[in-house]
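Data file: start39.cif. Format and content: mmCIF, C-alpha atoms and all ligand atoms.
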data_target
loop_
_atom_site.label_atom_id
_atom_site.label_comp_id
_atom_site.auth_asym_id
_atom_site.auth_seq_id
_atom_site.Cartn_x
_atom_site.Cartn_y
_atom_site.Cartn_z
CA MET A 1 -21.20 -0.05 -10.63
CA PHE A 2 -17.77 0.97 -9.34
CA LYS A 3 -15.55 2.03 -12.21
CA SER A 4 -11.88 2.99 -12.31
CA TRP A 5 -10.50 5.95 -14.22
CA LYS A 6 -7.08 6.10 -15.77
CA ILE A 7 -5.21 9.07 -14.31
CA GLY A 8 -1.82 8.57 -15.90
CA ARG A 9 0.93 6.28 -17.10
CA ILE A 10 4.24 5.94 -15.25
CA ALA A 11 7.15 3.80 -16.49
CA GLY A 12 4.80 2.26 -19.06
CA ILE A 13 2.24 1.21 -16.41
CA ASP A 14 -1.30 2.61 -16.40
CA VAL A 15 -2.38 4.11 -13.08
CA TYR A 16 -6.10 4.01 -12.26
CA LEU A 17 -8.17 5.74 -9.61
CA HIS A 18 -11.07 3.67 -8.31
CA SER A 19 -14.36 5.57 -8.17
CA THR A 20 -14.72 4.89 -4.44
CA PHE A 21 -11.51 6.89 -4.00
CA LEU A 22 -13.33 10.02 -5.22
CA LEU A 23 -15.87 9.50 -2.44
CA LEU A 24 -12.99 9.64 0.03
CA LEU A 25 -11.68 12.87 -1.50
CA ALA A 26 -15.16 14.42 -1.56
CA PHE A 27 -15.66 13.46 2.08
CA THR A 28 -12.25 14.89 2.99
CA ALA A 29 -12.99 18.15 1.13
CA LEU A 30 -16.36 18.49 2.87
CA SER A 31 -14.84 17.86 6.31
CA GLY A 32 -12.26 20.57 5.46
CA LEU A 33 -15.01 23.18 5.17
CA ALA A 34 -15.06 23.21 8.97
CA TYR A 35 -11.73 25.04 8.82
CA ARG A 36 -11.95 28.82 8.40
CA ASP A 37 -8.34 29.18 7.32
CA PRO A 38 -7.90 28.56 3.53
CA LEU A 39 -4.41 27.17 4.21
CA LEU A 40 -5.87 24.52 6.54
CA GLN A 41 -8.51 23.69 3.92
CA LEU A 42 -5.77 23.24 1.32
CA LEU A 43 -3.68 21.08 3.66
CA ASN A 44 -6.74 18.99 4.50
CA LEU A 45 -7.02 18.00 0.84
CA GLY A 46 -3.32 18.15 -0.03
CA LEU A 47 -2.09 15.75 2.65
CA PRO A 48 -4.26 12.80 1.46
CA LEU A 49 -3.05 13.50 -2.10
CA MET A 50 0.55 13.43 -0.85
CA LEU A 51 -0.13 10.12 0.91
CA PHE A 52 -1.58 8.57 -2.21
CA SER A 53 1.31 9.81 -4.39
CA ILE A 54 3.54 7.96 -1.93
CA VAL A 55 1.33 4.87 -2.33
CA VAL A 56 1.80 5.05 -6.13
CA LEU A 57 5.59 5.14 -5.66
CA HIS A 58 5.33 2.15 -3.29
CA GLU A 59 3.40 0.19 -5.94
CA LEU A 60 5.90 1.25 -8.61
CA GLY A 61 8.61 -0.28 -6.41
CA HIS A 62 6.83 -3.66 -6.64
CA ALA A 63 6.11 -3.25 -10.36
CA LEU A 64 9.69 -2.34 -11.30
CA ALA A 65 11.16 -5.12 -9.16
CA ALA A 66 8.78 -7.59 -10.87
CA ARG A 67 9.84 -6.20 -14.26
CA HIS A 68 13.45 -6.87 -13.27
CA TYR A 69 12.46 -10.57 -13.07
CA GLY A 70 10.66 -10.43 -16.43
CA VAL A 71 7.11 -9.99 -15.07
CA GLY A 72 4.99 -7.11 -16.31
CA THR A 73 2.30 -5.20 -14.42
CA ARG A 74 -1.21 -4.90 -15.89
CA GLU A 75 -2.06 -1.78 -13.92
CA ILE A 76 -1.83 0.03 -10.60
CA THR A 77 -5.16 0.98 -9.02
CA LEU A 78 -5.66 3.30 -6.06
CA TYR A 79 -8.42 2.36 -3.61
CA PRO A 80 -9.33 4.23 -0.41
CA ILE A 81 -7.66 1.43 1.57
CA GLY A 82 -4.44 1.58 -0.47
CA GLY A 83 -2.89 0.75 -3.81
CA VAL A 84 -2.80 -2.52 -5.71
CA ALA A 85 -0.32 -3.45 -8.44
CA ARG A 86 -1.77 -6.26 -10.55
CA LEU A 87 1.10 -8.34 -11.86
CA GLN A 88 0.83 -10.48 -14.98
CA SER A 89 2.18 -13.45 -13.09
CA THR A 90 3.33 -14.34 -9.60
CA HIS A 91 5.41 -17.35 -10.53
CA PHE A 92 8.42 -16.19 -8.59
CA THR A 93 11.10 -18.17 -6.84
CA PRO A 94 11.09 -17.54 -3.06
CA GLU A 95 14.09 -15.20 -3.46
CA GLU A 96 12.32 -13.26 -6.23
CA GLU A 97 9.09 -13.03 -4.23
CA MET A 98 11.05 -11.73 -1.27
CA ALA A 99 12.71 -9.05 -3.41
CA VAL A 100 9.48 -8.01 -5.18
CA SER A 101 7.60 -7.83 -1.85
CA ALA A 102 10.36 -5.90 -0.11
CA ALA A 103 10.72 -3.41 -3.00
CA GLY A 104 7.56 -1.46 -2.04
CA PRO A 105 8.54 -0.80 1.60
CA ALA A 106 12.15 -0.23 0.45
CA VAL A 107 10.96 2.70 -1.72
CA ASN A 108 9.28 4.23 1.35
CA PHE A 109 12.34 3.75 3.56
CA ALA A 110 14.46 5.43 0.84
CA LEU A 111 12.02 8.37 0.56
CA ALA A 112 11.92 8.74 4.36
CA GLY A 113 15.73 8.73 4.41
CA ALA A 114 15.84 11.36 1.66
CA ALA A 115 13.37 13.55 3.57
CA TRP A 116 15.44 13.17 6.72
CA GLY A 117 18.65 14.08 4.87
CA LEU A 118 17.19 17.04 2.97
CA ALA A 119 15.13 18.47 5.85
CA PRO A 120 17.85 20.89 7.03
CA ILE A 121 18.02 22.39 3.49
CA LEU A 122 14.32 22.34 2.56
CA ALA A 123 12.63 23.14 5.88
CA THR A 124 13.08 26.89 5.55
CA THR A 125 9.58 27.81 6.78
CA PRO A 126 7.28 26.26 9.43
CA LEU A 127 4.96 25.09 6.62
CA MET A 128 7.78 23.35 4.73
CA ALA A 129 9.02 21.78 7.97
CA PHE A 130 5.50 20.48 8.60
CA LEU A 131 5.13 19.09 5.06
CA ILE A 132 8.51 17.36 5.19
CA SER A 133 7.77 15.84 8.59
CA GLN A 134 4.41 14.56 7.27
CA PHE A 135 6.14 13.14 4.17
CA LEU A 136 8.66 11.36 6.40
CA LEU A 137 5.99 9.99 8.75
CA TYR A 138 3.74 8.80 5.90
CA ASN A 139 6.63 6.93 4.32
CA LEU A 140 7.75 5.31 7.56
CA GLY A 141 4.17 4.44 8.47
CA LEU A 142 3.42 2.93 5.07
CA ALA A 143 6.62 0.85 5.07
CA LEU A 144 6.13 -0.49 8.60
CA PHE A 145 2.41 -1.13 8.15
CA ASN A 146 2.96 -3.09 4.94
CA LEU A 147 5.65 -5.18 6.65
CA VAL A 148 3.08 -6.57 9.12
CA PRO A 149 3.06 -10.30 8.25
CA ALA A 150 -0.61 -10.23 7.24
CA PHE A 151 -0.54 -12.21 4.02
CA PRO A 152 -1.15 -11.15 1.24
CA MET A 153 0.31 -7.85 2.42
CA ASP A 154 4.05 -7.39 1.77
CA GLY A 155 5.23 -8.69 5.15
CA GLY A 156 3.05 -11.78 4.71
CA ARG A 157 4.53 -12.42 1.26
CA ILE A 158 8.03 -12.11 2.69
CA LEU A 159 7.00 -14.59 5.41
CA ARG A 160 5.68 -17.01 2.78
CA ALA A 161 8.84 -16.70 0.71
CA PHE A 162 10.88 -17.40 3.84
CA LEU A 163 8.75 -20.43 4.76
CA SER A 164 8.69 -21.70 1.14
CA ARG A 165 12.34 -22.56 1.25
CA ARG A 166 11.73 -25.11 4.00
CA GLN A 167 8.08 -26.07 3.66
CA GLY A 168 7.49 -25.75 -0.07
CA HIS A 169 5.14 -23.29 -1.77
CA VAL A 170 1.78 -24.86 -0.87
CA ARG A 171 2.36 -25.40 2.86
CA ALA A 172 4.02 -21.99 3.16
CA THR A 173 0.98 -20.38 1.48
CA LEU A 174 -1.40 -22.16 3.88
CA THR A 175 0.61 -21.05 6.93
CA ALA A 176 0.97 -17.44 5.70
CA ALA A 177 -2.72 -17.26 4.73
CA SER A 178 -3.86 -18.43 8.17
CA TRP A 179 -1.68 -15.70 9.72
CA GLY A 180 -3.17 -13.25 7.23
CA GLN A 181 -6.68 -14.14 8.39
CA ARG A 182 -5.69 -13.77 12.06
CA PHE A 183 -4.30 -10.28 11.36
CA ALA A 184 -7.44 -9.48 9.35
CA TRP A 185 -9.47 -10.02 12.53
CA VAL A 186 -7.08 -7.74 14.44
CA PHE A 187 -7.44 -5.01 11.77
CA GLY A 188 -11.22 -5.37 11.84
CA LEU A 189 -11.44 -5.24 15.66
CA VAL A 190 -9.03 -2.29 15.96
CA GLY A 191 -10.98 -0.58 13.15
CA LEU A 192 -14.25 -1.07 15.05
CA ILE A 193 -12.79 0.15 18.35
CA THR A 194 -11.22 3.24 16.76
CA ALA A 195 -14.17 3.78 14.37
CA SER A 196 -11.84 3.52 11.37
CA LEU A 197 -13.88 2.36 8.37
CA ASN A 198 -10.70 2.01 6.28
CA LEU A 199 -9.17 -0.43 8.75
CA VAL A 200 -12.39 -2.47 8.89
CA LEU A 201 -12.47 -2.61 5.07
CA LEU A 202 -8.78 -3.54 4.96
CA GLY A 203 -9.42 -6.33 7.48
CA LEU A 204 -12.27 -7.62 5.33
CA PHE A 205 -10.15 -7.42 2.17
CA VAL A 206 -7.15 -9.18 3.75
CA TRP A 207 -9.45 -11.89 5.13
CA LEU A 208 -11.02 -12.50 1.72
CA ALA A 209 -7.71 -12.25 -0.18
CA ALA A 210 -5.96 -14.61 2.25
CA GLY A 211 -8.87 -17.04 1.86
CA ALA A 212 -8.64 -16.75 -1.91
CA GLU A 213 -4.90 -17.36 -1.86
CA ARG A 214 -5.46 -20.29 0.43
CA SER A 215 -7.78 -21.86 -2.10
CA GLN A 216 -5.22 -21.05 -4.79
CA VAL A 217 -7.78 -19.02 -6.72
CA SER A 218 -5.79 -15.82 -7.00
CA ARG A 219 -2.13 -15.10 -6.45
CA ARG A 220 -1.66 -11.85 -8.25
CA TRP A 221 -2.36 -9.07 -5.79
CA TYR A 222 0.27 -6.79 -4.39
CA PHE A 223 -0.57 -4.13 -1.82
ZN ZN B 301 3.39 -3.21 -1.00
#

Would you mind writing the structure in this file as structure tokens?
Amino acid sequence: MFKSWKIGRIAGIDVYLHSTFLLLLAFTALSGLAYRDPLLQLLNLGLPLMLFSIVVLHELGHALAARHYGVGTREITLYPIGGVARLQSTHFTPEEEMAVSAAGPAVNFALAGAAWGLAPILATTPLMAFLISQFLLYNLGLALFNLVPAFPMDGGRILRAFLSRRQGHVRATLTAASWGQRFAWVFGLVGLITASLNLVLLGLFVWLAAGAERSQVSRRWYF
């Protein structure tokens, strides 16, 4: 029922857009009709596109770090709740898992730093200043959010890699997954309180994915 469409190929990796993502864009475009100003309508659609370009770069960070350790990426898919890089394997050493997990947020920190450094040169108009500040905030927000230790999100994978060195892979996975499910409840509750459907869906997805990892069914998902 829900298909994905290929929208491009970057560094030899196919990038797909999930059909539910188009619903999000359609909804955003419709909500933008409330604005009279064409510039505001354009920004209303352009800012989510900027955010999701940043998400693609985040996923590329994971994919290229995995490639460095000899692991390919099947594809990157964009969902309304974020991007997923599907790796061909996740048989990493704890050090490798730490590096591959940290690579996504590291890309965002680097982009935020670049925006910060280039702002005095590029922010020549109020519009450019606004766009650069949004770019910087999106990158910082994405990096910090993904570092929340909610396994299997990046921070949770870093936690597991850290614990693996002392507890071994299986016990570390169980500990990280139970933290993931606790955070999933927090996401879901905050999503309900703030009426954020995305956060509720993310909570549900993290809960299911942490449960799946716990039962060792799937270990191939990178946010
Ligand atoms: Zn990530």

| task | Extract, using all atoms listed in the file, all DNA, RNA and protein residues at most 12 Å from Phe205 in chain A, discarding same-chain residues fewer than 6 positions from it, and format them as number ranges by chain. | result | A: 79-82, 84, 150-153, 180-181, 183-185, 187-188, 198-199, 211-213, 221, 223

| Minimum-distance residue to Leu47 in chain A, chosen among A:Thr77, A:Thr28, A:Thr173, A:Thr90 (using all atoms listed in the file) |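 Counting all atoms listed in the file, the residue closest to Leu47 in chain A is A:Thr28.
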
Please return as a short mmCIF file (atom, residue, chain, number, x, y, z; two decimals) with C-alpha atoms, keeping the file's coordinate frame the residues found within 12 Å of ligand ZN 301 (chain B), counting all atoms listed in the file.
data_model
loop_
_atom_site.label_atom_id
_atom_site.label_comp_id
_atom_site.auth_asym_id
_atom_site.auth_seq_id
_atom_site.Cartn_x
_atom_site.Cartn_y
_atom_site.Cartn_z
CA ILE A 54 3.54 7.96 -1.93
CA VAL A 55 1.33 4.87 -2.33
CA VAL A 56 1.80 5.05 -6.13
CA LEU A 57 5.59 5.14 -5.66
CA HIS A 58 5.33 2.15 -3.29
CA GLU A 59 3.40 0.19 -5.94
CA LEU A 60 5.90 1.25 -8.61
CA GLY A 61 8.61 -0.28 -6.41
CA HIS A 62 6.83 -3.66 -6.64
CA ALA A 63 6.11 -3.25 -10.36
CA ALA A 65 11.16 -5.12 -9.16
CA ILE A 76 -1.83 0.03 -10.60
CA GLY A 82 -4.44 1.58 -0.47
CA GLY A 83 -2.89 0.75 -3.81
CA VAL A 84 -2.80 -2.52 -5.71
CA ALA A 85 -0.32 -3.45 -8.44
CA ARG A 86 -1.77 -6.26 -10.55
CA GLU A 97 9.09 -13.03 -4.23
CA MET A 98 11.05 -11.73 -1.27
CA ALA A 99 12.71 -9.05 -3.41
CA VAL A 100 9.48 -8.01 -5.18
CA SER A 101 7.60 -7.83 -1.85
CA ALA A 102 10.36 -5.90 -0.11
CA ALA A 103 10.72 -3.41 -3.00
CA GLY A 104 7.56 -1.46 -2.04
CA PRO A 105 8.54 -0.80 1.60
CA ALA A 106 12.15 -0.23 0.45
CA VAL A 107 10.96 2.70 -1.72
CA ASN A 108 9.28 4.23 1.35
CA ASN A 139 6.63 6.93 4.32
CA LEU A 142 3.42 2.93 5.07
CA ALA A 143 6.62 0.85 5.07
CA LEU A 144 6.13 -0.49 8.60
CA PHE A 145 2.41 -1.13 8.15
CA ASN A 146 2.96 -3.09 4.94
CA LEU A 147 5.65 -5.18 6.65
CA VAL A 148 3.08 -6.57 9.12
CA PRO A 149 3.06 -10.30 8.25
CA ALA A 150 -0.61 -10.23 7.24
CA PHE A 151 -0.54 -12.21 4.02
CA PRO A 152 -1.15 -11.15 1.24
CA MET A 153 0.31 -7.85 2.42
CA ASP A 154 4.05 -7.39 1.77
CA GLY A 155 5.23 -8.69 5.15
CA GLY A 156 3.05 -11.78 4.71
CA ARG A 157 4.53 -12.42 1.26
CA ILE A 158 8.03 -12.11 2.69
CA TRP A 221 -2.36 -9.07 -5.79
CA TYR A 222 0.27 -6.79 -4.39
CA PHE A 223 -0.57 -4.13 -1.82
#

| message | I'd like the interatomic distance between CA of Gly141 in chain A and CA of Val190 in chain A, to a tenth of an Å. | response |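 One can read the CA of Gly141 in chain A to CA of Val190 in chain A distance as 16.6 Å.
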
| request: Using all atoms listed in the file, pick whichever of A:Leu33, A:Leu23, A:Ile121, A:Ala11 has the shortest atom-to-atom distance to Gly72 in chain A. | output: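 Closest residue, counting all atoms listed in the file: A:Ala11.
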
| 12 Å contact set for Gly46 in chain A, all atoms listed in the file, chain neighbours under 5 positions out, as a list in words |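 Contacts, with the query itself left out: Leu25, Thr28, Ala29, Gly32, Pro38, Leu39, Leu40, Gln41, Leu51, Phe52, Ser53, Leu131, Gln134 and Phe135 of chain A.
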
| field | Shortest interatomic distance to Leu43 in chain A - which of A:Trp116, A:Phe130, A:Phe92, A:Tyr138, counting all atoms listed in the file | value |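 Nearest candidate to Leu43 in chain A out of A:Trp116, A:Phe130, A:Phe92, A:Tyr138: A:Phe130.
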
Could you give me the centre and size, in Å to one decimal, of an axis-aligned box around all listed atoms of range 164-173 of chain A with 8 Å added on every side, as AutoDock Vina command-line options?
--center_x 6.7 --center_y -23.2 --center_z 1.1 --size_x 27.4 --size_y 21.7 --size_z 21.8

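When CA of Ser4 in chain A is paired with CA of Glu75 in chain A, their separation reads 11.0 Å.
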
| Which of A:Ile7, A:Leu42, A:Ala177, A:Leu87 sits closest to Arg160 in chain A [using all atoms listed in the file] |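 Between A:Ile7, A:Leu42, A:Ala177, A:Leu87, the residue approaching Arg160 in chain A most closely is A:Ala177.
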
Quick one: range 82-95 of chain A with N, CA and C atoms, as a CSV table (one decimal), in the coordinates of the input?
chain,number,residue,atom,x,y,z
A,82,GLY,N,-5.8,1.7,-0.1
A,82,GLY,CA,-4.4,1.6,-0.5
A,82,GLY,C,-4.3,1.3,-1.9
A,83,GLY,N,-3.1,1.0,-2.4
A,83,GLY,CA,-2.9,0.8,-3.8
A,83,GLY,C,-2.7,-0.7,-4.1
A,84,VAL,N,-3.0,-1.1,-5.3
A,84,VAL,CA,-2.8,-2.5,-5.7
A,84,VAL,C,-2.1,-2.5,-7.1
A,85,ALA,N,-1.0,-3.2,-7.2
A,85,ALA,CA,-0.3,-3.4,-8.4
A,85,ALA,C,-0.7,-4.9,-8.9
A,86,ARG,N,-1.4,-4.9,-10.1
A,86,ARG,CA,-1.8,-6.3,-10.6
A,86,ARG,C,-0.7,-6.8,-11.5
A,87,LEU,N,0.0,-7.8,-11.1
A,87,LEU,CA,1.1,-8.3,-11.9
A,87,LEU,C,0.6,-9.4,-12.9
A,88,GLN,N,1.3,-9.5,-14.0
A,88,GLN,CA,0.8,-10.5,-15.0
A,88,GLN,C,1.0,-11.9,-14.5
A,89,SER,N,1.9,-12.1,-13.6
A,89,SER,CA,2.2,-13.4,-13.1
A,89,SER,C,2.8,-13.3,-11.7
A,90,THR,N,2.6,-14.4,-10.9
A,90,THR,CA,3.3,-14.3,-9.6
A,90,THR,C,4.1,-15.6,-9.5
A,91,HIS,N,4.6,-16.1,-10.6
A,91,HIS,CA,5.4,-17.4,-10.5
A,91,HIS,C,6.9,-17.0,-10.3
A,92,PHE,N,7.1,-16.6,-9.0
A,92,PHE,CA,8.4,-16.2,-8.6
A,92,PHE,C,9.1,-17.3,-7.8
A,93,THR,N,10.4,-17.3,-7.8
A,93,THR,CA,11.1,-18.2,-6.8
A,93,THR,C,11.0,-17.5,-5.5
A,94,PRO,N,11.2,-18.2,-4.4
A,94,PRO,CA,11.1,-17.5,-3.1
A,94,PRO,C,12.0,-16.3,-3.0
A,95,GLU,N,13.2,-16.4,-3.5
A,95,GLU,CA,14.1,-15.2,-3.5
A,95,GLU,C,13.5,-14.0,-4.2
